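Asker: Let me begin by handing over the structure; questions about it come next.
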Amino acid sequence: MADYRQERLNKILFQFLSNLFQFELMDERLEDVTIEYVNISSDMRDATVFYSVFDESRKNIVLTGLDSARSYLHKKMAETLNLRITPKLHFKYHNIENKATHLEKIIENEKPRYES
């Protein structure tokens, strides 16, 4: 039952934060930020927001912008979402390209074992 609540809240927070980033936040540091997914803790007190940036060289600037927007985002969540506890937001950079490259290398290395 708790897993269902977590998944549902992950989706709600993802949609809510994505909309805020797209339509409300006017910080230039956050222009090319994409929210990848949200993972809320089992006690619903902390939410890790995984994000990516189009230009990887800007990820430190983006993190500064996210840290400054954290209180605004928390306030908007508290005002809009009807949650007993508004989770604290933690931002984590999600580098999907490096993970994809790593997986491709693993597959290429293992391919000969299964082809013969």
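In the structure tokens, chains take the letters A, B, ... in the order shown, each chain's residues start at 1, and ligands count up from 1 in the order shown.
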Can you pull out the residues contacting stretch 16-32 of chain A? Cut-off 10 Å, using only C-alpha atoms, and skip same-chain residues under 6 positions away; I want them as a ChimeraX atom specification.
Answerer: /A:10,38,49,52-55,58-66,68-69,72-74,76-77,80-81
Asker: Which residues come within 12 Å of A:Tyr4, counting only C-alpha atoms, excluding same-chain residues fewer than 6 positions away, as a PyMOL selection string?
Answerer: chain A and resi 10-11+40+42
Asker: From the list A:Lys111, A:Lys105, A:His94, A:Arg84, which residue is nearest A:Ile35 when using only C-alpha atoms?
Answerer: A:His94
Asker: Can you pull out every residue from chain A that DSSP, working from the backbone, puts in strand (DSSP E), and format the result as a PyMOL selection string?
Answerer: chain A and resi 33-40+46-53+88-93
Asker: Could you write out that same residue set with N, CA and C atoms as a PDB file, in the first residue's frame?
Answerer:
```pdb
ATOM      1  N   VAL A  33      16.649  23.463 -17.871  1.00  0.00           N
ATOM      2  CA  VAL A  33      16.550  22.364 -16.913  1.00  0.00           C
ATOM      3  C   VAL A  33      15.346  21.494 -17.266  1.00  0.00           C
ATOM      4  N   THR A  34      15.553  20.189 -17.219  1.00  0.00           N
ATOM      5  CA  THR A  34      14.469  19.243 -17.426  1.00  0.00           C
ATOM      6  C   THR A  34      14.368  18.360 -16.192  1.00  0.00           C
ATOM      7  N   ILE A  35      13.178  18.282 -15.629  1.00  0.00           N
ATOM      8  CA  ILE A  35      12.949  17.381 -14.507  1.00  0.00           C
ATOM      9  C   ILE A  35      12.783  15.987 -15.093  1.00  0.00           C
ATOM     10  N   GLU A  36      13.646  15.062 -14.688  1.00  0.00           N
ATOM     11  CA  GLU A  36      13.596  13.694 -15.209  1.00  0.00           C
ATOM     12  C   GLU A  36      12.592  12.847 -14.426  1.00  0.00           C
ATOM     13  N   TYR A  37      12.723  12.835 -13.128  1.00  0.00           N
ATOM     14  CA  TYR A  37      11.768  12.128 -12.279  1.00  0.00           C
ATOM     15  C   TYR A  37      11.957  12.563 -10.837  1.00  0.00           C
ATOM     16  N   VAL A  38      11.019  12.189  -9.990  1.00  0.00           N
ATOM     17  CA  VAL A  38      11.042  12.525  -8.567  1.00  0.00           C
ATOM     18  C   VAL A  38      10.941  11.231  -7.781  1.00  0.00           C
ATOM     19  N   ASN A  39      11.704  11.146  -6.724  1.00  0.00           N
ATOM     20  CA  ASN A  39      11.677   9.965  -5.863  1.00  0.00           C
ATOM     21  C   ASN A  39      11.477  10.423  -4.422  1.00  0.00           C
ATOM     22  N   ILE A  40      10.321  10.113  -3.864  1.00  0.00           N
ATOM     23  CA  ILE A  40      10.010  10.533  -2.498  1.00  0.00           C
ATOM     24  C   ILE A  40      10.402   9.422  -1.532  1.00  0.00           C
ATOM     25  N   ASP A  46      11.025  13.703   2.490  1.00  0.00           N
ATOM     26  CA  ASP A  46      12.069  14.171   1.584  1.00  0.00           C
ATOM     27  C   ASP A  46      11.773  13.698   0.172  1.00  0.00           C
ATOM     28  N   ALA A  47      12.011  14.578  -0.776  1.00  0.00           N
ATOM     29  CA  ALA A  47      11.828  14.221  -2.186  1.00  0.00           C
ATOM     30  C   ALA A  47      13.093  14.600  -2.943  1.00  0.00           C
ATOM     31  N   THR A  48      13.652  13.635  -3.645  1.00  0.00           N
ATOM     32  CA  THR A  48      14.817  13.887  -4.476  1.00  0.00           C
ATOM     33  C   THR A  48      14.329  14.135  -5.895  1.00  0.00           C
ATOM     34  N   VAL A  49      14.700  15.290  -6.425  1.00  0.00           N
ATOM     35  CA  VAL A  49      14.301  15.689  -7.772  1.00  0.00           C
ATOM     36  C   VAL A  49      15.513  15.495  -8.680  1.00  0.00           C
ATOM     37  N   PHE A  50      15.397  14.572  -9.615  1.00  0.00           N
ATOM     38  CA  PHE A  50      16.477  14.311 -10.564  1.00  0.00           C
ATOM     39  C   PHE A  50      16.252  15.186 -11.788  1.00  0.00           C
ATOM     40  N   TYR A  51      17.279  15.927 -12.154  1.00  0.00           N
ATOM     41  CA  TYR A  51      17.166  16.857 -13.270  1.00  0.00           C
ATOM     42  C   TYR A  51      18.317  16.659 -14.245  1.00  0.00           C
ATOM     43  N   SER A  52      18.125  17.127 -15.454  1.00  0.00           N
ATOM     44  CA  SER A  52      19.200  17.128 -16.437  1.00  0.00           C
ATOM     45  C   SER A  52      19.275  18.520 -17.053  1.00  0.00           C
ATOM     46  N   VAL A  53      20.417  18.788 -17.678  1.00  0.00           N
ATOM     47  CA  VAL A  53      20.668  20.083 -18.284  1.00  0.00           C
ATOM     48  C   VAL A  53      21.150  19.844 -19.705  1.00  0.00           C
ATOM     49  N   LYS A  88      10.677  18.043   1.868  1.00  0.00           N
ATOM     50  CA  LYS A  88      11.832  18.886   1.560  1.00  0.00           C
ATOM     51  C   LYS A  88      12.404  18.420   0.236  1.00  0.00           C
ATOM     52  N   LEU A  89      12.798  19.367  -0.581  1.00  0.00           N
ATOM     53  CA  LEU A  89      13.315  19.039  -1.909  1.00  0.00           C
ATOM     54  C   LEU A  89      14.833  18.951  -1.898  1.00  0.00           C
ATOM     55  N   HIS A  90      15.331  17.917  -2.520  1.00  0.00           N
ATOM     56  CA  HIS A  90      16.766  17.728  -2.718  1.00  0.00           C
ATOM     57  C   HIS A  90      16.969  17.528  -4.216  1.00  0.00           C
ATOM     58  N   PHE A  91      17.934  18.230  -4.789  1.00  0.00           N
ATOM     59  CA  PHE A  91      18.165  18.157  -6.227  1.00  0.00           C
ATOM     60  C   PHE A  91      19.410  17.331  -6.513  1.00  0.00           C
ATOM     61  N   LYS A  92      19.291  16.474  -7.516  1.00  0.00           N
ATOM     62  CA  LYS A  92      20.411  15.619  -7.898  1.00  0.00           C
ATOM     63  C   LYS A  92      20.510  15.593  -9.416  1.00  0.00           C
ATOM     64  N   TYR A  93      21.717  15.820  -9.898  1.00  0.00           N
ATOM     65  CA  TYR A  93      21.951  15.829 -11.342  1.00  0.00           C
ATOM     66  C   TYR A  93      21.833  14.407 -11.887  1.00  0.00           C
TER      67      TYR A  93
END
```
Asker: One decimal, Å: what's the distance from atom CA of A:Gln6 over to atom CA of A:Ala78, could you say?
Answerer: 17.5 Å
Asker: Between atom CA of A:Glu56 and atom CA of A:Thr101, what is the distance, to one decimal in Å?
Answerer: 15.7 Å
Asker: Report the residues of chain A whose backbone DSSP state falls under alpha helix (DSSP H), written as a PDB file with C-alpha atoms, in the first residue's frame.
Answerer:
```
ATOM      1  CA  ALA A   2       2.828   2.401   0.836  1.00  0.00           C
ATOM      2  CA  ASP A   3       4.493   1.715  -2.522  1.00  0.00           C
ATOM      3  CA  TYR A   4       1.330   2.781  -4.315  1.00  0.00           C
ATOM      4  CA  ARG A   5       1.207   6.038  -2.328  1.00  0.00           C
ATOM      5  CA  GLN A   6       4.857   6.729  -3.056  1.00  0.00           C
ATOM      6  CA  GLU A   7       4.466   6.130  -6.773  1.00  0.00           C
ATOM      7  CA  ARG A   8       1.357   8.276  -6.932  1.00  0.00           C
ATOM      8  CA  LEU A   9       3.049  11.094  -5.035  1.00  0.00           C
ATOM      9  CA  ASN A  10       6.154  10.782  -7.234  1.00  0.00           C
ATOM     10  CA  LYS A  11       3.962  11.349 -10.295  1.00  0.00           C
ATOM     11  CA  ILE A  12       2.076  14.249  -8.707  1.00  0.00           C
ATOM     12  CA  LEU A  13       5.282  15.987  -7.639  1.00  0.00           C
ATOM     13  CA  PHE A  14       6.875  15.367 -11.042  1.00  0.00           C
ATOM     14  CA  GLN A  15       3.942  16.954 -12.876  1.00  0.00           C
ATOM     15  CA  PHE A  16       3.657  19.826 -10.420  1.00  0.00           C
ATOM     16  CA  LEU A  17       7.366  20.694 -10.461  1.00  0.00           C
ATOM     17  CA  SER A  18       7.615  20.285 -14.237  1.00  0.00           C
ATOM     18  CA  ASN A  19       4.802  22.797 -14.683  1.00  0.00           C
ATOM     19  CA  LYS A  59      25.253  22.243 -14.254  1.00  0.00           C
ATOM     20  CA  ASN A  60      26.925  24.207 -11.405  1.00  0.00           C
ATOM     21  CA  ILE A  61      25.086  27.385 -12.379  1.00  0.00           C
ATOM     22  CA  VAL A  62      21.840  25.425 -12.554  1.00  0.00           C
ATOM     23  CA  LEU A  63      22.433  23.918  -9.103  1.00  0.00           C
ATOM     24  CA  THR A  64      22.876  27.423  -7.686  1.00  0.00           C
ATOM     25  CA  GLY A  65      19.587  28.444  -9.294  1.00  0.00           C
ATOM     26  CA  LEU A  66      17.834  25.361  -7.931  1.00  0.00           C
ATOM     27  CA  ASP A  67      19.109  26.058  -4.424  1.00  0.00           C
ATOM     28  CA  SER A  68      17.788  29.606  -4.585  1.00  0.00           C
ATOM     29  CA  ALA A  69      14.403  28.413  -5.938  1.00  0.00           C
ATOM     30  CA  ARG A  70      14.021  25.670  -3.310  1.00  0.00           C
ATOM     31  CA  SER A  71      12.073  27.770  -0.782  1.00  0.00           C
ATOM     32  CA  TYR A  72       9.755  29.130  -3.495  1.00  0.00           C
ATOM     33  CA  LEU A  73       9.053  25.624  -4.781  1.00  0.00           C
ATOM     34  CA  HIS A  74       8.403  24.360  -1.248  1.00  0.00           C
ATOM     35  CA  LYS A  75       6.012  27.227  -0.575  1.00  0.00           C
ATOM     36  CA  LYS A  76       4.103  26.604  -3.819  1.00  0.00           C
ATOM     37  CA  MET A  77       3.830  22.885  -3.020  1.00  0.00           C
ATOM     38  CA  ALA A  78       2.497  23.668   0.447  1.00  0.00           C
ATOM     39  CA  GLU A  79      -0.066  26.135  -0.938  1.00  0.00           C
ATOM     40  CA  THR A  80      -1.254  24.030  -3.859  1.00  0.00           C
ATOM     41  CA  ILE A  96      21.565   9.744 -18.515  1.00  0.00           C
ATOM     42  CA  GLU A  97      24.063   9.946 -21.392  1.00  0.00           C
ATOM     43  CA  ASN A  98      26.932   8.531 -19.318  1.00  0.00           C
ATOM     44  CA  LYS A  99      24.722   5.743 -18.017  1.00  0.00           C
ATOM     45  CA  ALA A 100      23.573   4.873 -21.541  1.00  0.00           C
ATOM     46  CA  THR A 101      27.164   4.780 -22.790  1.00  0.00           C
ATOM     47  CA  HIS A 102      28.145   2.541 -19.880  1.00  0.00           C
ATOM     48  CA  LEU A 103      25.280   0.129 -20.594  1.00  0.00           C
ATOM     49  CA  GLU A 104      26.156   0.009 -24.289  1.00  0.00           C
ATOM     50  CA  LYS A 105      29.734  -0.969 -23.400  1.00  0.00           C
ATOM     51  CA  ILE A 106      28.502  -3.738 -21.107  1.00  0.00           C
ATOM     52  CA  ILE A 107      26.210  -5.086 -23.825  1.00  0.00           C
ATOM     53  CA  GLU A 108      28.983  -5.000 -26.428  1.00  0.00           C
ATOM     54  CA  ASN A 109      31.359  -6.825 -24.054  1.00  0.00           C
ATOM     55  CA  GLU A 110      28.807  -9.541 -23.289  1.00  0.00           C
ATOM     56  CA  LYS A 111      27.563  -9.979 -26.850  1.00  0.00           C
ATOM     57  CA  PRO A 112      30.233 -12.528 -27.906  1.00  0.00           C
ATOM     58  CA  ARG A 113      29.283 -14.823 -25.026  1.00  0.00           C
ATOM     59  CA  TYR A 114      25.738 -15.194 -26.301  1.00  0.00           C
ATOM     60  CA  GLU A 115      26.351 -15.203 -30.051  1.00  0.00           C
TER      61      GLU A 115
END
```
